[in-house]
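Here's the structure, in structure tokens; my notes come after.
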There are 2 protein chains.
Amino acid sequence: MDATKILLGEGDIPKAWYNVAADLPVPLPPVIHPGTKQPIGPGDLAPLFPMALILQEVSTEREVEIPEPVREVYRLWRPTPLYRARRLERVLDTPARIYYKYEGTSPPGSHKPNTAVAQAFFNKQEGVRRLTTETGAGQWGSALAFACRLFDLQCTVYMVRVSYEQKPYRKVMMQTWGADVTPSPSERTNAGRMIRGRDPNSPGSLGIAISEAVEDAATHDDTKYSLGSVLNHVLMHQTVVGLEAKKQMEMAGDPPDVIIGCVGGGSNFSGLAFPFMSEKFGGRKVRFVAVEPEACPSLTRGDYLYDFGDTAATTPLIKMYTLGHTFMPAPIHAGGLRYHGDAPLLCLLYHHKYIEAVAYQQRTVFDAALQFARAEGIIPAPESAHALRKAIDEALEAKKEGRPRTILFGLSGHGHFDLGAYEAHLAGRLEDFAYPEEAINTAMRELAAIQP
Amino acid sequence: MDATKILLGEGDIPKAWYNVAADLPVPLPPVIHPGTKQPIGPGDLAPLFPMALILQEVSTEREVEIPEPVREVYRLWRPTPLYRARRLERVLDTPARIYYKYEGTSPPGSHKPNTAVAQAFFNKQEGVRRLTTETGAGQWGSALAFACRLFDLQCTVYMVRVSYEQKPYRKVMMQTWGADVTPSPSERTNAGRMIRGRDPNSPGSLGIAISEAVEDAATHDDTKYSLGSVLNHVLMHQTVVGLEAKKQMEMAGDPPDVIIGCVGGGSNFSGLAFPFMSEKFGGRKVRFVAVEPEACPSLTRGDYLYDFGDTAATTPLIKMYTLGHTFMPAPIHAGGLRYHGDAPLLCLLYHHKYIEAVAYQQRTVFDAALQFARAEGIIPAPESAHALRKAIDEALEAKKEGRPRTILFGLSGHGHFDLGAYEAHLAGRLEDFAYPEEAINTAMRELAAIQP
């Protein structure tokens with residue numbers, strides 16, 4: 001097959017998500033209560049999540065049916081295209097074949113609505129009237145605002161104050177979809193008032209915004225909380241990406257040798273990779289590469305330990321590769337990759353060497369983004385450009401070795417709201433940040449005390 | 001057929017453009033030289049355009065083959081989806097069926113690259129090394145920057161200075177694709193230097209930017225000029241939109257009763273409408289509605305006269321509905337609709353009543369945009385929202401009459417770079433502008449002297 005773009009029909013939108021928990025080579029370590037140091041049960045999560053999602057979180061069924069109302073919304077942009085990057089291949093003069101699965105055609109512009117829509121649906125089913133969440137630059141918040149609107153749920157987004165003030169467009173996008181967007185820290189929660197009491201000019205952080213969103217949900221009967229990555233059910237919802245891509249690579253008749261995705265919390269990478277992982281469990285030689293920023297290198301430099309999911313240490317403890325929940329990464333432009341840990345499912349598979357990892361500085365990532373935009377036309381989100389950087393490096397290696405290989409990477413979103421970063425890069429003003437060794441060591445020292 | 005989204009395969013990208021000039025009920029009035037008052041010939045256009053495009057401009061062949069390298073680039077985003085707006089229909093509680101053809105999935109985010117890519121190809125074929133153009137808010141400039149990059153042409157964009165300074169993101173998009181973007185008026189041309197000599201702080205205008213781009217092309221051997229609307233060949237390139245939509249409406253088994261598009265220069269409307277127009281020439285009852293802003297109502301309030309295409313009066317004279325080339329429309333947010341005239345082909349068909357026209361104030365347009373974004377998820381460009389406003393009004397009329405009808409409208413682009421306007425509307429800060437009667441009368445009085 002010789003196509004540039006491999007398209008599926010509406011009927012090819014998956015009818016079930018793939019649950020990798022059914023096929024794990026070793027069991028997933030339990031989630032631990034930080035007080036009792038005992039595994040938590042579904043009931044512990046009930047104040048925050050609807051039971052359908054809690055059951056998905058602990059399910060070991062291989063396939064979980066996608067409800068028809070969710071598929072109906074998916075149809076607004078799914079199936080998404082899979083491209084062969086022929087122009088990029090020509091520019092690189094490589095014998096490698098490069099494919100990418102593009103999630104930027106969703107209305108919010110990334111893969112995030114794949115789970116936002118599912119979460120909104122299951123909450124609505126159980127009579128929830130409002131969802132709360134946190135957002136940094138706004139990718140996740142806008143996906144949840146979009147999803148809530150389509151299922152007639154109210155949506156409250158705690159947006160890190162400095163982003164609220166400096167990056168207004170994602171905020172307007174959320175408001176256009178009817179969400180209530182509040183700069184965090186706010187006066188609405190105890191957590192917010194406490195921070196503002198100490199520092200009235202606090203710029204906020206994702207950790208504080210999580211604390212506010214969780215408190216808001218926990219203290220209102222009709223309200224639940226929604227998280228955009230890390231959790232098992234979130235990763236599962238994202239497998240629509242990989243399930244479609246698998247079918248498209250079969251149509252291309254070109255099974256991938258290496259599959260590459262960027263990792264923040266891990267849902268984008270896992271959504272693309274897990275449906276192909278079963279082939280690796282079955283013995284096929286296929287490599288998986290997770291790409292992260294050097295400024296926040298949880299897989300490549302972190303340790304596999306129990307840690308809190310949030311900066312404020314209010315969540316249960318999960319076992320993951322972490323830099324320590326108090327670690328604050330440098331302000332790189334790939335805001336979606338600035339997370340101290342990674343999804344437990346991804347970490348387990350990385351720990352058992354099913355997945356490789358690599359970290360990059362942001363200037364080389366933006367070099368790749370520019371090269372791609374000029375060859376293929378699409379302007380990548382800075383997060384997605386991390387995967388792209390590695391895909392180009394693999395293609396150049398194939399050239400050096402004189403051996404073809406088939407590369408598939410995830411282009412998880414467009415960069416329409418990141419053009420300020422492109423401008424800085426074009427002007428030579430983009431910074432690289434040294435590996436933050438001391439800050440990581442400090443944050444990691446705190447972890448010894450909380451291990452079960 | 002019951003689909004939400006009607007998808008075509010890669011093989012369904014048209015192999016030829018449709019040239020409505022072959023089917024016109026009356027001949028198109030000639031383009032006139034302003035000095036001699038005689039019709040101009042192809043040679044007069046040679047300093048600015050490559051011969052292939054000049055021949056397309058005067059062609060009466062019904063089909064003009066799309067070269068394979070152009071189709072190869074189209075494949076990056078074409079065929080585009082056609083949606084049935086089921087959620088919007090439910091919100092409106094209308095018996096009408098509403099469909100929309102969505103062009104916002106192209107990398108520059110609108111229909112503009114359909115012609116930019118073709119123009120870049122034909123220029124490259126004839127050894128041109130650089131294209132110049134003007135842009136206001138940047139939709140057209142970014143489309144041409146994208147197209148030039150893919151055909152390895154240099155691209156110089158004269159961007160209205162006030163937009164260059166106040167709306168930096170489209171500028172960065174053009175630079176990301178390698179274009180040379182200059183605020184206009186500039187020091188690079190006589191036209192620019194003259195304006196700056198009179199007013200060093202001139203905010204610029206589209207008219208001045210055209211003069212600069214034309215002068216730059218005319219004074220450099222390896223350089224041609226590119227225009228994003230109005231001309232016959234530009235409208236023809238846009239017919240890929242309508243040709244695909246026609247096939248998709250056939251797949252839906254639902255022939256449209258009314259086809260709606262917004263009109264700035266007319267290429268978006270014509271691209272969607274013309275392939276369906278042949279059915280009207282053949283006697284089928286189908287309505288076409290062109291939608292324009294009340295602030296720049298060339299079809300609804302202008303006269304059918306000869307006028308210059310640009311504010312600075314440097315182009316040949318074309319017969320069109322015009323408000324006078326010196327008319328300066330109010331600063332509405334639909335920058336792409338602020339043109340004093342309209343494409344001659346569209347105007348001829350309007351004059352002979354094949355097309356209706358309607359004008360709206362911008363607040364009611366943004367009300368429609370919000371309603372659509374909240375129902376369908378996609379955030380429309382303010383230009384496209386004009387067509388949407390009329391589609392909603394048609395659907396409400398169908399409801400009042402209790403009679404179904406099939407509505408097709410063109411959603412020509414997304415509003416990712418227009419969220420500032422959405423913010424103003426959400427805050428109640430958006431202005432309507434009274435019909436500019438006196439300014440139009442003044443501008444129109446100048447036209448008597450230039451009629452042939």
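Residue names in the structure tokens use chain letters A, B, ... in the order shown, residue numbers from 1 in each chain, and ligand numbers from 1 in the order shown.
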
Exercise. Write down, as a ChimeraX atom specification, each residue of chain A that has any atom within 7 Å of an atom of chain B, counting only C-alpha atoms.
Key: /A:4-5,7,9,75-76,105,107,146,149-150,169,172-173,176-177,370,373-375,377-378,419,423

Quiz item: Where does DSSP see strand (DSSP E) in stretch 321-404 of chain A, if you list the residues as a VMD selection string?
Solution: chain A and resid 321 to 322 356 to 360

Exercise. Give me the residues within 10 Å of A:Thr364 as a PyMOL selection string, counting only C-alpha atoms and dropping any in the same chain fewer than 6 places off.
Key: chain A and resi 370+385-386+389+432

Practice problem: Write down as JSON, numbers by chain the residues belonging to stretch 135-246 of chain A that are assigned alpha helix (DSSP H) by DSSP computed on the backbone. | Solution: {"A": [139, 140, 141, 142, 143, 144, 145, 146, 147, 148, 149, 150, 161, 162, 163, 164, 165, 166, 168, 169, 170, 171, 172, 173, 174, 175, 176, 190, 191, 192, 193, 194, 195, 196, 197, 198, 206, 207, 208, 209, 210, 211, 212, 213, 214, 215, 216, 217, 218, 232, 233, 234, 235, 236, 237, 239, 240, 241, 242, 243, 244, 245, 246]}

Practice problem: Fewer than 6 positions away in the same chain doesn't count, so skip those; otherwise give me all residues within 7 Å of B:Asp342, counting only C-alpha atoms, as a list in words. | Solution: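 The residues satisfying every condition are Val230, Gly264, Gly265, Gly266, Met320, Tyr321 and Thr322 of chain B.
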
Quiz item: Residues at most 9 Å from stretch 435-442 of chain B, counting only C-alpha atoms, excluding those fewer than 3 positions away in the same chain, as a ChimeraX atom specification?
Solution: /B:294-297,301-302,323-324,326-330,445-446

Quiz item: Any idea what's packed within 12 Å of A:His351, counting only C-alpha atoms, ignoring anything in its chain fewer than 4 positions away? Could you give it as a list in words?
Solution: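 My list of contacting residues is Pro25, Val26, Leu28, Leu299, Thr300, Gly302, Asp303, Tyr304, Leu305, Lys319, Met320, Tyr321, Asp342, Pro344, Leu345, Leu346, Cys347, Ile355, Glu356 and Ala357 of chain A.
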
Quiz prompt | Contacts of B:Thr239 at 12 Å (only C-alpha atoms; same-chain gap of 3+ positions) as a ChimeraX atom specification | solution = /B:13-20,62-64,66,111-112,114-115,232-236,242-246,266-277

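Comparing A:Ser384, A:Ser184, A:Thr189, A:Thr60 by their smallest distance to A:His333, the closest is A:Ser384 (using only C-alpha atoms).
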